[in-house]
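Undergrad: Structure supplied as structure04.cif; contents: mmCIF, C-alpha atoms.
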data_start
#
loop_
_atom_site.group_PDB
_atom_site.id
_atom_site.type_symbol
_atom_site.label_atom_id
_atom_site.label_comp_id
_atom_site.auth_asym_id
_atom_site.auth_seq_id
_atom_site.Cartn_x
_atom_site.Cartn_y
_atom_site.Cartn_z
ATOM 1 C CA MET E 348 -5.686 8.999 -31.567
ATOM 2 C CA ARG E 349 -6.427 11.279 -28.604
ATOM 3 C CA THR E 350 -3.706 11.115 -25.952
ATOM 4 C CA ARG E 351 -4.655 13.903 -23.534
ATOM 5 C CA HIS E 352 -7.208 13.464 -20.773
ATOM 6 C CA ARG E 353 -10.354 15.243 -21.979
ATOM 7 C CA VAL E 354 -12.276 17.343 -19.466
ATOM 8 C CA VAL E 355 -15.680 18.668 -20.501
ATOM 9 C CA VAL E 356 -17.212 21.468 -18.426
ATOM 10 C CA LEU E 357 -21.002 21.775 -18.530
ATOM 11 C CA ALA E 358 -22.319 25.351 -18.311
ATOM 12 C CA LEU E 359 -25.978 25.739 -17.331
ATOM 13 C CA GLU E 360 -28.266 28.752 -17.477
ATOM 14 C CA GLY E 361 -27.291 31.166 -14.678
ATOM 15 C CA VAL E 362 -23.794 29.687 -14.274
ATOM 16 C CA TYR E 363 -21.293 31.460 -12.043
ATOM 17 C CA PRO E 364 -18.543 32.646 -14.420
ATOM 18 C CA PHE E 365 -15.784 32.398 -11.800
ATOM 19 C CA GLU E 366 -16.373 28.723 -11.099
ATOM 20 C CA LEU E 367 -16.950 27.984 -14.788
ATOM 21 C CA GLY E 368 -13.418 29.161 -15.550
ATOM 22 C CA ILE E 369 -11.665 27.232 -12.779
ATOM 23 C CA PRO E 370 -11.167 23.879 -14.587
ATOM 24 C CA ASN E 371 -9.603 25.506 -17.634
ATOM 25 C CA ARG E 372 -7.368 27.740 -15.499
ATOM 26 C CA ILE E 373 -6.104 25.020 -13.164
ATOM 27 C CA LEU E 374 -6.058 21.959 -15.420
ATOM 28 C CA GLY E 375 -4.889 24.063 -18.342
ATOM 29 C CA ALA E 376 -1.736 24.878 -16.364
ATOM 30 C CA ALA E 377 -0.806 21.199 -15.929
ATOM 31 C CA ASP E 378 1.863 20.959 -18.639
ATOM 32 C CA GLY E 379 -0.526 19.880 -21.378
ATOM 33 C CA HIS E 380 -1.884 16.800 -19.615
ATOM 34 C CA TYR E 381 -5.511 17.923 -19.996
ATOM 35 C CA GLU E 382 -7.695 19.139 -22.826
ATOM 36 C CA VAL E 383 -10.543 21.270 -21.427
ATOM 37 C CA LEU E 384 -13.712 21.886 -23.458
ATOM 38 C CA THR E 385 -16.899 23.724 -22.482
ATOM 39 C CA CYS E 386 -20.433 22.832 -23.544
ATOM 40 C CA THR E 387 -24.068 23.637 -22.822
ATOM 41 C CA VAL E 388 -27.085 21.340 -22.842
ATOM 42 C CA ASP E 389 -28.038 22.453 -26.370
ATOM 43 C CA GLY E 390 -24.922 24.149 -27.744
ATOM 44 C CA ARG E 391 -26.507 27.579 -27.441
ATOM 45 C CA PRO E 392 -25.223 30.545 -25.396
ATOM 46 C CA VAL E 393 -26.230 30.743 -21.730
ATOM 47 C CA ARG E 394 -26.724 33.688 -19.429
ATOM 48 C CA THR E 395 -24.305 33.772 -16.540
ATOM 49 C CA ASN E 396 -25.038 34.923 -13.003
ATOM 50 C CA ALA E 397 -23.270 38.156 -13.967
ATOM 51 C CA ASP E 398 -24.360 40.740 -16.515
ATOM 52 C CA PHE E 399 -23.150 38.888 -19.609
ATOM 53 C CA THR E 400 -23.854 35.852 -21.746
ATOM 54 C CA ILE E 401 -21.304 33.265 -22.833
ATOM 55 C CA SER E 402 -21.120 31.370 -26.096
ATOM 56 C CA VAL E 403 -19.529 27.927 -26.289
ATOM 57 C CA GLU E 404 -18.073 25.830 -29.077
ATOM 58 C CA HIS E 405 -19.776 22.563 -28.138
ATOM 59 C CA GLY E 406 -23.153 20.991 -27.497
ATOM 60 C CA PRO E 407 -24.000 18.036 -25.226
ATOM 61 C CA GLU E 408 -22.630 15.447 -27.665
ATOM 62 C CA VAL E 409 -19.089 16.259 -26.512
ATOM 63 C CA LEU E 410 -19.992 14.847 -23.075
ATOM 64 C CA GLU E 411 -19.897 11.392 -24.657
ATOM 65 C CA THR E 412 -16.160 11.813 -25.322
ATOM 66 C CA ALA E 413 -15.178 13.083 -21.861
ATOM 67 C CA ASP E 414 -12.785 11.326 -19.495
ATOM 68 C CA THR E 415 -13.860 13.778 -16.785
ATOM 69 C CA VAL E 416 -17.024 15.897 -16.689
ATOM 70 C CA VAL E 417 -17.198 18.991 -14.476
ATOM 71 C CA ILE E 418 -20.570 20.603 -13.767
ATOM 72 C CA ALA E 419 -20.283 24.279 -12.893
ATOM 73 C CA PRO E 420 -22.669 25.774 -10.295
ATOM 74 C CA VAL E 421 -25.621 28.127 -10.548
ATOM 75 C CA ALA E 422 -27.171 30.444 -7.976
ATOM 76 C CA ALA E 423 -29.054 28.628 -5.218
ATOM 77 C CA ASP E 424 -32.316 30.413 -6.062
ATOM 78 C CA ARG E 425 -32.308 28.685 -9.470
ATOM 79 C CA ILE E 426 -32.411 25.222 -7.920
ATOM 80 C CA THR E 427 -35.837 23.613 -7.666
ATOM 81 C CA GLU E 428 -37.247 20.115 -7.361
ATOM 82 C CA ASP E 429 -37.405 19.956 -11.169
ATOM 83 C CA LEU E 430 -34.234 19.849 -13.223
ATOM 84 C CA PRO E 431 -33.782 22.570 -15.850
ATOM 85 C CA ASP E 432 -34.631 21.515 -19.389
ATOM 86 C CA GLY E 433 -31.997 19.317 -20.985
ATOM 87 C CA VAL E 434 -29.887 18.678 -17.880
ATOM 88 C CA ALA E 435 -30.973 15.081 -17.277
ATOM 89 C CA GLU E 436 -30.547 14.269 -20.956
ATOM 90 C CA ALA E 437 -27.087 15.861 -20.995
ATOM 91 C CA LEU E 438 -25.933 13.948 -17.920
ATOM 92 C CA ALA E 439 -27.246 10.715 -19.440
ATOM 93 C CA ARG E 440 -24.756 11.192 -22.277
ATOM 94 C CA ILE E 441 -21.780 10.735 -19.933
ATOM 95 C CA ARG E 442 -20.157 7.431 -20.775
ATOM 96 C CA PRO E 443 -19.798 4.699 -18.130
ATOM 97 C CA GLY E 444 -16.484 4.971 -16.314
ATOM 98 C CA ALA E 445 -16.047 8.691 -16.856
ATOM 99 C CA ARG E 446 -15.170 10.742 -13.784
ATOM 100 C CA ILE E 447 -17.824 13.252 -12.710
ATOM 101 C CA VAL E 448 -17.108 16.378 -10.670
ATOM 102 C CA SER E 449 -19.491 18.979 -9.265
ATOM 103 C CA ILE E 450 -18.553 22.396 -7.975
ATOM 104 C CA CYS E 451 -20.698 23.994 -5.258
ATOM 105 C CA THR E 452 -24.442 23.827 -5.973
ATOM 106 C CA ALA E 453 -23.935 21.573 -9.004
ATOM 107 C CA ALA E 454 -24.117 18.695 -6.513
ATOM 108 C CA PHE E 455 -27.897 19.216 -6.573
ATOM 109 C CA PHE E 456 -27.988 18.195 -10.243
ATOM 110 C CA LEU E 457 -25.958 15.033 -9.621
ATOM 111 C CA ALA E 458 -28.217 14.145 -6.700
ATOM 112 C CA ALA E 459 -31.348 14.776 -8.754
ATOM 113 C CA VAL E 460 -30.395 12.080 -11.269
ATOM 114 C CA GLY E 461 -29.359 9.597 -8.569
ATOM 115 C CA LEU E 462 -25.595 9.800 -9.057
ATOM 116 C CA LEU E 463 -25.019 10.600 -5.375
ATOM 117 C CA ASP E 464 -27.378 8.030 -3.836
ATOM 118 C CA GLY E 465 -25.518 6.162 -1.099
ATOM 119 C CA ARG E 466 -22.392 8.220 -1.667
ATOM 120 C CA ARG E 467 -20.577 10.678 0.557
ATOM 121 C CA ALA E 468 -20.730 14.180 -0.932
ATOM 122 C CA THR E 469 -20.560 17.869 -0.097
ATOM 123 C CA THR E 470 -21.852 21.217 -1.334
ATOM 124 C CA HIS E 471 -21.808 24.850 -0.202
ATOM 125 C CA TRP E 472 -22.374 25.070 3.547
ATOM 126 C CA CYS E 473 -25.235 27.583 3.253
ATOM 127 C CA VAL E 474 -27.479 25.127 1.340
ATOM 128 C CA THR E 475 -26.719 21.924 3.251
ATOM 129 C CA ASP E 476 -30.017 21.864 5.172
ATOM 130 C CA ARG E 477 -31.950 22.226 1.945
ATOM 131 C CA PHE E 478 -29.842 19.565 0.267
ATOM 132 C CA ARG E 479 -30.506 17.089 3.087
ATOM 133 C CA ARG E 480 -34.239 17.666 2.873
ATOM 134 C CA MET E 481 -34.279 17.135 -0.879
ATOM 135 C CA TYR E 482 -31.847 14.211 -1.052
ATOM 136 C CA PRO E 483 -31.835 12.218 2.210
ATOM 137 C CA ARG E 484 -30.192 9.236 0.499
ATOM 138 C CA VAL E 485 -26.938 11.164 0.087
ATOM 139 C CA ASP E 486 -24.347 11.016 2.883
ATOM 140 C CA LEU E 487 -23.720 14.767 3.019
ATOM 141 C CA ASP E 488 -20.592 16.079 4.751
ATOM 142 C CA PRO E 489 -20.884 19.879 5.080
ATOM 143 C CA ASP E 490 -17.525 20.377 6.801
ATOM 144 C CA VAL E 491 -15.085 19.517 4.010
ATOM 145 C CA LEU E 492 -13.793 21.381 0.965
ATOM 146 C CA PHE E 493 -14.319 18.416 -1.327
ATOM 147 C CA VAL E 494 -15.155 14.716 -1.329
ATOM 148 C CA ASP E 495 -13.553 12.104 -3.586
ATOM 149 C CA ASP E 496 -15.861 9.090 -3.705
ATOM 150 C CA ASP E 497 -14.353 6.888 -6.402
ATOM 151 C CA ARG E 498 -15.406 8.306 -9.798
ATOM 152 C CA VAL E 499 -17.811 10.925 -8.389
ATOM 153 C CA LEU E 500 -16.312 13.993 -6.728
ATOM 154 C CA THR E 501 -18.105 16.953 -5.160
ATOM 155 C CA SER E 502 -16.786 20.239 -3.825
ATOM 156 C CA ALA E 503 -17.992 23.036 -1.605
ATOM 157 C CA GLY E 504 -18.551 26.630 -2.649
ATOM 158 C CA ALA E 505 -16.711 28.917 -5.068
ATOM 159 C CA ALA E 506 -12.930 28.652 -4.570
ATOM 160 C CA SER E 507 -13.165 25.024 -3.463
ATOM 161 C CA GLY E 508 -13.379 24.410 -7.205
ATOM 162 C CA VAL E 509 -9.678 25.297 -7.205
ATOM 163 C CA ASP E 510 -9.048 22.771 -4.436
ATOM 164 C CA ILE E 511 -10.802 19.937 -6.240
ATOM 165 C CA CYS E 512 -9.100 20.650 -9.569
ATOM 166 C CA LEU E 513 -5.700 20.646 -7.855
ATOM 167 C CA HIS E 514 -6.749 17.371 -6.255
ATOM 168 C CA LEU E 515 -7.431 15.945 -9.720
ATOM 169 C CA VAL E 516 -3.930 16.921 -10.845
ATOM 170 C CA ARG E 517 -2.450 15.483 -7.659
ATOM 171 C CA LYS E 518 -4.432 12.261 -8.047
ATOM 172 C CA ASP E 519 -3.581 11.854 -11.735
ATOM 173 C CA HIS E 520 0.013 13.084 -11.818
ATOM 174 C CA GLY E 521 1.298 13.513 -8.264
ATOM 175 C CA SER E 522 1.872 16.337 -5.826
ATOM 176 C CA GLU E 523 4.933 17.718 -7.613
ATOM 177 C CA LEU E 524 2.915 18.741 -10.678
ATOM 178 C CA ALA E 525 -0.014 19.896 -8.512
ATOM 179 C CA ASN E 526 2.346 22.146 -6.537
ATOM 180 C CA LYS E 527 3.770 23.485 -9.806
ATOM 181 C CA VAL E 528 0.273 24.296 -11.058
ATOM 182 C CA ALA E 529 -0.582 25.994 -7.763
ATOM 183 C CA ARG E 530 2.508 28.199 -7.998
ATOM 184 C CA ARG E 531 1.633 29.172 -11.569
ATOM 185 C CA CYS E 532 -1.896 30.117 -10.519
ATOM 186 C CA VAL E 533 -0.720 31.810 -7.293
ATOM 187 C CA VAL E 534 -2.939 29.682 -5.046
ATOM 188 C CA PRO E 535 -2.104 27.432 -2.087
ATOM 189 C CA PRO E 536 -1.438 23.861 -3.254
ATOM 190 C CA PHE E 537 -3.350 22.452 -0.301
ATOM 191 C CA ARG E 538 -5.683 24.373 1.983
ATOM 192 C CA ASP E 539 -5.865 23.397 5.627
ATOM 193 C CA GLY E 540 -9.100 22.112 7.091
ATOM 194 C CA GLY E 541 -12.573 22.233 5.630
ATOM 195 C CA GLN E 542 -15.343 24.719 4.975
ATOM 196 C CA ALA E 543 -16.375 24.731 8.636
ATOM 197 C CA GLN E 544 -13.901 27.578 9.070
ATOM 198 C CA TYR E 545 -15.891 29.698 6.571
ATOM 199 C CA ILE E 546 -19.339 29.229 8.067
ATOM 200 C CA GLU E 547 -20.796 32.442 9.426
ATOM 201 C CA GLN E 548 -19.887 32.944 13.058
ATOM 202 C CA PRO E 549 -19.421 35.893 15.399
ATOM 203 C CA VAL E 550 -16.449 38.108 14.625
ATOM 204 C CA PRO E 551 -13.679 37.523 17.209
ATOM 205 C CA GLU E 552 -12.976 40.277 19.647
ATOM 206 C CA ALA E 553 -10.178 42.649 18.708
ATOM 207 C CA GLY E 554 -6.803 41.409 19.879
ATOM 208 C CA VAL E 555 -7.772 37.733 19.989
ATOM 209 C CA ALA E 556 -4.668 35.656 19.259
ATOM 210 C CA SER E 557 -4.458 33.408 16.185
ATOM 211 C CA THR E 558 -2.979 29.922 15.861
ATOM 212 C CA ALA E 559 -1.391 30.756 12.473
ATOM 213 C CA ALA E 560 2.121 31.283 13.877
ATOM 214 C CA THR E 561 1.936 27.983 15.719
ATOM 215 C CA ARG E 562 0.825 26.161 12.570
ATOM 216 C CA ALA E 563 3.831 27.588 10.718
ATOM 217 C CA TRP E 564 6.078 26.579 13.618
ATOM 218 C CA ALA E 565 4.691 23.030 13.580
ATOM 219 C CA LEU E 566 5.174 22.660 9.805
ATOM 220 C CA GLU E 567 8.899 23.227 10.310
ATOM 221 C CA ARG E 568 8.992 20.453 12.937
ATOM 222 C CA LEU E 569 6.840 17.680 11.484
ATOM 223 C CA GLY E 570 9.572 15.129 12.205
ATOM 224 C CA GLU E 571 9.381 15.852 15.925
ATOM 225 C CA PRO E 572 6.782 14.477 18.355
ATOM 226 C CA LEU E 573 4.296 17.338 18.676
ATOM 227 C CA ALA E 574 1.704 17.005 21.404
ATOM 228 C CA LEU E 575 -1.283 19.280 21.872
ATOM 229 C CA ALA E 576 0.457 20.669 24.959
ATOM 230 C CA ASP E 577 3.484 21.670 22.845
ATOM 231 C CA LEU E 578 1.300 23.517 20.352
ATOM 232 C CA ALA E 579 -0.709 25.250 23.051
ATOM 233 C CA ALA E 580 2.463 26.272 24.885
ATOM 234 C CA HIS E 581 3.919 27.776 21.713
ATOM 235 C CA ALA E 582 0.686 29.736 21.171
ATOM 236 C CA ARG E 583 0.670 30.747 24.857
ATOM 237 C CA MET E 584 -2.856 29.478 25.348
ATOM 238 C CA SER E 585 -4.519 26.939 27.575
ATOM 239 C CA LEU E 586 -5.161 23.525 26.021
ATOM 240 C CA ARG E 587 -8.903 24.129 25.820
ATOM 241 C CA THR E 588 -8.611 27.628 24.344
ATOM 242 C CA PHE E 589 -6.017 26.530 21.797
ATOM 243 C CA ALA E 590 -8.031 23.501 20.659
ATOM 244 C CA ARG E 591 -11.200 25.587 20.289
ATOM 245 C CA ARG E 592 -9.499 28.441 18.455
ATOM 246 C CA PHE E 593 -7.556 26.062 16.200
ATOM 247 C CA HIS E 594 -10.761 24.310 15.126
ATOM 248 C CA ASP E 595 -12.511 27.646 14.532
ATOM 249 C CA GLU E 596 -9.685 28.815 12.269
ATOM 250 C CA VAL E 597 -8.839 25.592 10.433
ATOM 251 C CA GLY E 598 -11.937 23.430 10.641
ATOM 252 C CA LEU E 599 -9.982 20.471 12.033
ATOM 253 C CA SER E 600 -8.646 19.395 15.393
ATOM 254 C CA PRO E 601 -4.883 19.945 15.887
ATOM 255 C CA GLY E 602 -4.321 16.173 15.811
ATOM 256 C CA ARG E 603 -6.159 15.644 12.517
ATOM 257 C CA TRP E 604 -4.415 18.644 10.986
ATOM 258 C CA LEU E 605 -0.979 17.302 11.949
ATOM 259 C CA ILE E 606 -1.751 13.927 10.389
ATOM 260 C CA GLN E 607 -2.932 15.660 7.213
ATOM 261 C CA GLN E 608 0.288 17.681 6.962
ATOM 262 C CA ARG E 609 2.472 14.655 7.661
ATOM 263 C CA VAL E 610 0.757 12.593 4.991
ATOM 264 C CA ALA E 611 1.117 15.453 2.486
ATOM 265 C CA HIS E 612 4.848 15.727 3.198
ATOM 266 C CA ALA E 613 5.249 11.950 3.012
ATOM 267 C CA ARG E 614 3.629 11.939 -0.432
ATOM 268 C CA HIS E 615 6.108 14.555 -1.606
ATOM 269 C CA LEU E 616 9.056 12.510 -0.327
ATOM 270 C CA LEU E 617 7.721 9.314 -1.902
ATOM 271 C CA GLU E 618 7.632 11.083 -5.250
ATOM 272 C CA SER E 619 10.854 13.044 -5.045
ATOM 273 C CA SER E 620 13.307 10.864 -3.076
ATOM 274 C CA ASP E 621 14.617 7.329 -2.788
ATOM 275 C CA LEU E 622 14.248 7.240 1.002
ATOM 276 C CA THR E 623 12.790 4.055 2.442
ATOM 277 C CA VAL E 624 9.292 4.056 3.881
ATOM 278 C CA ASP E 625 10.709 3.853 7.406
ATOM 279 C CA GLN E 626 13.043 6.792 6.746
ATOM 280 C CA ILE E 627 10.202 8.875 5.357
ATOM 281 C CA ALA E 628 8.024 7.965 8.335
ATOM 282 C CA GLY E 629 10.720 9.290 10.654
ATOM 283 C CA ARG E 630 11.129 12.514 8.697
ATOM 284 C CA VAL E 631 7.434 13.355 8.744
ATOM 285 C CA GLY E 632 6.755 12.411 12.359
ATOM 286 C CA PHE E 633 5.156 8.964 12.196
ATOM 287 C CA ALA E 634 6.596 6.542 14.719
ATOM 288 C CA THR E 635 6.983 3.643 12.280
ATOM 289 C CA GLY E 636 6.654 2.753 8.631
ATOM 290 C CA ALA E 637 3.550 0.782 9.568
ATOM 291 C CA SER E 638 1.981 3.955 10.945
ATOM 292 C CA LEU E 639 2.757 5.801 7.705
ATOM 293 C CA ARG E 640 1.244 2.956 5.681
ATOM 294 C CA GLN E 641 -1.914 3.081 7.783
ATOM 295 C CA HIS E 642 -2.379 6.839 7.494
ATOM 296 C CA LEU E 643 -1.541 6.981 3.782
ATOM 297 C CA HIS E 644 -3.991 4.198 3.018
ATOM 298 C CA ALA E 645 -6.687 5.915 5.088
ATOM 299 C CA SER E 646 -6.054 9.159 3.209
ATOM 300 C CA ILE E 647 -5.740 8.018 -0.424
ATOM 301 C CA GLY E 648 -6.387 4.269 -0.387
ATOM 302 C CA VAL E 649 -2.967 3.008 -1.524
ATOM 303 C CA SER E 650 0.255 1.783 0.049
ATOM 304 C CA PRO E 651 3.465 3.868 -0.005
ATOM 305 C CA GLN E 652 5.030 1.433 -2.477
ATOM 306 C CA ALA E 653 2.079 1.633 -4.850
ATOM 307 C CA TYR E 654 2.017 5.424 -4.610
ATOM 308 C CA ARG E 655 5.740 5.653 -5.331
ATOM 309 C CA ARG E 656 5.523 3.298 -8.314
ATOM 310 C CA THR E 657 2.740 5.372 -9.826
ATOM 311 C CA PHE E 658 4.143 8.852 -9.404
ATOM 312 C CA GLN E 659 7.878 8.287 -9.693
ATOM 313 C CA THR E 660 7.152 6.530 -12.985
ATOM 314 C CA ALA E 661 4.928 9.417 -14.078
ATOM 315 C CA ARG E 662 7.679 11.827 -13.207
#
Can you turn what I pasted into structure tokens?
TA:
Amino acid sequence: MRTRHRVVVLALEGVYPFELGIPNRILGAADGHYEVLTCTVDGRPVRTNADFTISVEHGPEVLETADTVVIAPVAADRITEDLPDGVAEALARIRPGARIVSICTAAFFLAAVGLLDGRRATTHWCVTDRFRRMYPRVDLDPDVLFVDDDRVLTSAGAASGVDICLHLVRKDHGSELANKVARRCVVPPFRDGGQAQYIEQPVPEAGVASTAATRAWALERLGEPLALADLAAHARMSLRTFARRFHDEVGLSPGRWLIQQRVAHARHLLESSDLTVDQIAGRVGFATGASLRQHLHASIGVSPQAYRRTFQTAR
């Protein structure tokens, strides 16, 4: 009887080799919780976007056994109105209830077979206009690194595949294991903001101050009331300049970023301590336990008690 969560990665013709390797590298570092297999639509080798071809051990039949399916991306110039041969048939093999994940441009393939209709999703920022024209029924959010919409998850370009795979570990087994995996792979366990910060924009003038030092300062003081004026004063900027520069660098407003960091720290404390919800709320900067409950539910859809039961038991 199979006990490990099986992840099957689908490699298509012209696949980006970097993104294709992300699921195995990240999920494979999660203390044996995942089994990662790679397949193609016909079991044959595929050309990558680089100067080499890859051979795989499995054909599309292995998709029928997957608990999670990850579709790796291809170059944008390979995407047309018509799906490549065998893709629709391969995706039809995915069993009901399996989790489906796309990295970067692979969201186009999920949209083409209707899996994203009516759902919130994302893809690489440079192809969002094209995506909207082709699939107007999808609620596309171009500003985020990934979207978790129940059993269908989509991520932005390239390294956001790392973010979404860490999210899977965090969702399945808690932030402690996800942080452990991130350390092993020498990547940040949680990247601030969304992909808005990576969209092409004019290069800042030389000598323009950054908000990085202020973000580090704030992370050491999450339990304190931190107003925008406090952050701007620490950065020695006006409120307007600080807010604009912060959003340019992080992709979020200072207020949204603070909430995100407080929720992340609260999740860690729920997993790793026996503090009450009210005590944790105080330590991470929420005024009351009710406020923590509200923000945690908005972020991950569960109460603090339910989250603690799940991940302290798993631990």
Undergrad: To verify the selection step, state as a ChimeraX atom specification which residues the PyMOL selection byres ((chain E and resi 363-367) around 8) yields on this input.
TA: /E:356,358,361-362,368-370,395-397,419-422,450,505-506,508
Undergrad: Can you list, as a list in words, the residues that the PyMOL selection byres ((chain E and resi 642-658) around 8) selects here?
TA: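 That expression, the PyMOL selection byres ((chain E and resi 642-658) around 8), corresponds here to His520, Gly521, Ile606, Val610, Arg614, Leu617, Glu618, Val624, Ser638, Leu639, Arg640, Gln641, Gln659, Thr660, Ala661 and Arg662 of chain E.
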Undergrad: What residues come out when you apply the PyMOL selection byres ((chain E and resi 470) around 6) to this file, written as number ranges by chain?
TA: E: 451-452, 469, 471, 502-503
Undergrad: My list of candidates is E:Ala560, E:Leu384, E:Leu374, E:Leu566. Which is closest to Ala529 of chain E when distances are computed with all atoms listed in the file?
TA: E:Leu374
Undergrad: Looking at all atoms listed in the file, which of E:Phe399, E:Phe455, E:Phe633, E:Trp472 is the one that sits closest to Ile426 of chain E?
TA: E:Phe455
Undergrad: With a distance cut-off of 9 Å and all atoms listed in the file, select the neighbouring residues of Arg391 of chain E, excluding the residue or stretch itself and same-chain residues fewer than 3 positions from it, and output the selection as an MDAnalysis selection string.
TA: chainID E and resid 386:388 401:406
Undergrad: One decimal, Å: what's the distance from atom CA of Gly444 of chain E over to atom CA of Ala413 of chain E, could you say?
TA: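 The value is 9.9 Å.
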Undergrad: In terms of the shortest atom-to-atom distance over all atoms listed in the file, which of E:His612, E:Phe589, E:Val631, E:Asp595 is closest to Arg568 of chain E?
TA: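 Distance minimum relative to Arg568 of chain E lands on E:Val631.
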Undergrad: List the neighbours of Arg372 of chain E out to 10 Å using only C-alpha atoms; skip same-chain residues closer than 6 positions along the sequence, and give me the result as a ChimeraX atom specification.
TA: /E:383,509,512,528,531-532
Undergrad: Go through E:Asp464, E:Thr427, E:Thr561, E:Thr415 and flag the residue nearest Arg442 of chain E, using only C-alpha atoms for the distances.
TA: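 Among the listed residues, E:Thr415 lies closest to Arg442 of chain E.
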Undergrad: Work out how far atom CA of Glu436 of chain E is from atom CA of Ala454 of chain E, in Å to one decimal.
TA: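 Pair atom CA of Ala454 of chain E / atom CA of Glu436 of chain E returns 16.4 Å.
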Undergrad: So that I can see what lies close to segment 575-578 of chain E, please list as a PDB file with C-alpha atoms, in the coordinates of the input the residues with an atom at most 10 Å from it, counting all atoms listed in the file and leaving out residues fewer than 3 positions away in the same chain.
TA:
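Output below, filename out.pdb:
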ATOM      1  CA  THR E 558      -2.979  29.922  15.861  1.00  0.00           C
ATOM      2  CA  THR E 561       1.936  27.983  15.719  1.00  0.00           C
ATOM      3  CA  ARG E 562       0.825  26.161  12.570  1.00  0.00           C
ATOM      4  CA  TRP E 564       6.078  26.579  13.618  1.00  0.00           C
ATOM      5  CA  ALA E 565       4.691  23.030  13.580  1.00  0.00           C
ATOM      6  CA  PRO E 572       6.782  14.477  18.355  1.00  0.00           C
ATOM      7  CA  HIS E 581       3.919  27.776  21.713  1.00  0.00           C
ATOM      8  CA  ALA E 582       0.686  29.736  21.171  1.00  0.00           C
ATOM      9  CA  ARG E 583       0.670  30.747  24.857  1.00  0.00           C
ATOM     10  CA  MET E 584      -2.856  29.478  25.348  1.00  0.00           C
ATOM     11  CA  SER E 585      -4.519  26.939  27.575  1.00  0.00           C
ATOM     12  CA  LEU E 586      -5.161  23.525  26.021  1.00  0.00           C
ATOM     13  CA  ARG E 587      -8.903  24.129  25.820  1.00  0.00           C
ATOM     14  CA  PHE E 589      -6.017  26.530  21.797  1.00  0.00           C
ATOM     15  CA  ALA E 590      -8.031  23.501  20.659  1.00  0.00           C
ATOM     16  CA  SER E 600      -8.646  19.395  15.393  1.00  0.00           C
ATOM     17  CA  PRO E 601      -4.883  19.945  15.887  1.00  0.00           C
ATOM     18  CA  GLY E 602      -4.321  16.173  15.811  1.00  0.00           C
TER      19      GLY E 602
END
Undergrad: Between atom CA of Phe593 of chain E and atom CA of Arg538 of chain E, measure the distance and give it in Å to one decimal.
TA: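 Distance reported for this atom pair: 14.4 Å.
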Undergrad: Please identify all polymer residues within 7 Å of Leu513 of chain E, counting all atoms listed in the file, omitting same-chain residues fewer than 4 positions from it, and present them as a compact mmCIF listing (two decimals) with C-alpha atoms, in the coordinates of the input.
TA:
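Wrote it out as result.txt, contents follow:
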# COMPACT_ATOMS: atom_id res chain seq x y z
CA ILE E 373 -6.10 25.02 -13.16
CA VAL E 509 -9.68 25.30 -7.20
CA ARG E 517 -2.45 15.48 -7.66
CA ALA E 525 -0.01 19.90 -8.51
Undergrad: Near segment 445-447 of chain E, within 12 Å and counting all atoms listed in the file, which residues show up once chain neighbours fewer than 2 positions away are dropped, as a PyMOL selection string?
TA: chain E and resi 352-357+410-419+438-443+449-450+453-454+456-457+462-463+494-502+511-512+515+519
Undergrad: Write the residues of the preceding selection, restricted to C-alpha atoms, as a CSV table (one decimal), in the frame of the given file.
TA:
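Saved result, result30.csv, follows:
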chain,number,residue,atom,x,y,z
E,352,HIS,CA,-7.2,13.5,-20.8
E,353,ARG,CA,-10.4,15.2,-22.0
E,354,VAL,CA,-12.3,17.3,-19.5
E,355,VAL,CA,-15.7,18.7,-20.5
E,356,VAL,CA,-17.2,21.5,-18.4
E,357,LEU,CA,-21.0,21.8,-18.5
E,410,LEU,CA,-20.0,14.8,-23.1
E,411,GLU,CA,-19.9,11.4,-24.7
E,412,THR,CA,-16.2,11.8,-25.3
E,413,ALA,CA,-15.2,13.1,-21.9
E,414,ASP,CA,-12.8,11.3,-19.5
E,415,THR,CA,-13.9,13.8,-16.8
E,416,VAL,CA,-17.0,15.9,-16.7
E,417,VAL,CA,-17.2,19.0,-14.5
E,418,ILE,CA,-20.6,20.6,-13.8
E,419,ALA,CA,-20.3,24.3,-12.9
E,438,LEU,CA,-25.9,13.9,-17.9
E,439,ALA,CA,-27.2,10.7,-19.4
E,440,ARG,CA,-24.8,11.2,-22.3
E,441,ILE,CA,-21.8,10.7,-19.9
E,442,ARG,CA,-20.2,7.4,-20.8
E,443,PRO,CA,-19.8,4.7,-18.1
E,449,SER,CA,-19.5,19.0,-9.3
E,450,ILE,CA,-18.6,22.4,-8.0
E,453,ALA,CA,-23.9,21.6,-9.0
E,454,ALA,CA,-24.1,18.7,-6.5
E,456,PHE,CA,-28.0,18.2,-10.2
E,457,LEU,CA,-26.0,15.0,-9.6
E,462,LEU,CA,-25.6,9.8,-9.1
E,463,LEU,CA,-25.0,10.6,-5.4
E,494,VAL,CA,-15.2,14.7,-1.3
E,495,ASP,CA,-13.6,12.1,-3.6
E,496,ASP,CA,-15.9,9.1,-3.7
E,497,ASP,CA,-14.4,6.9,-6.4
E,498,ARG,CA,-15.4,8.3,-9.8
E,499,VAL,CA,-17.8,10.9,-8.4
E,500,LEU,CA,-16.3,14.0,-6.7
E,501,THR,CA,-18.1,17.0,-5.2
E,502,SER,CA,-16.8,20.2,-3.8
E,511,ILE,CA,-10.8,19.9,-6.2
E,512,CYS,CA,-9.1,20.6,-9.6
E,515,LEU,CA,-7.4,15.9,-9.7
E,519,ASP,CA,-3.6,11.9,-11.7
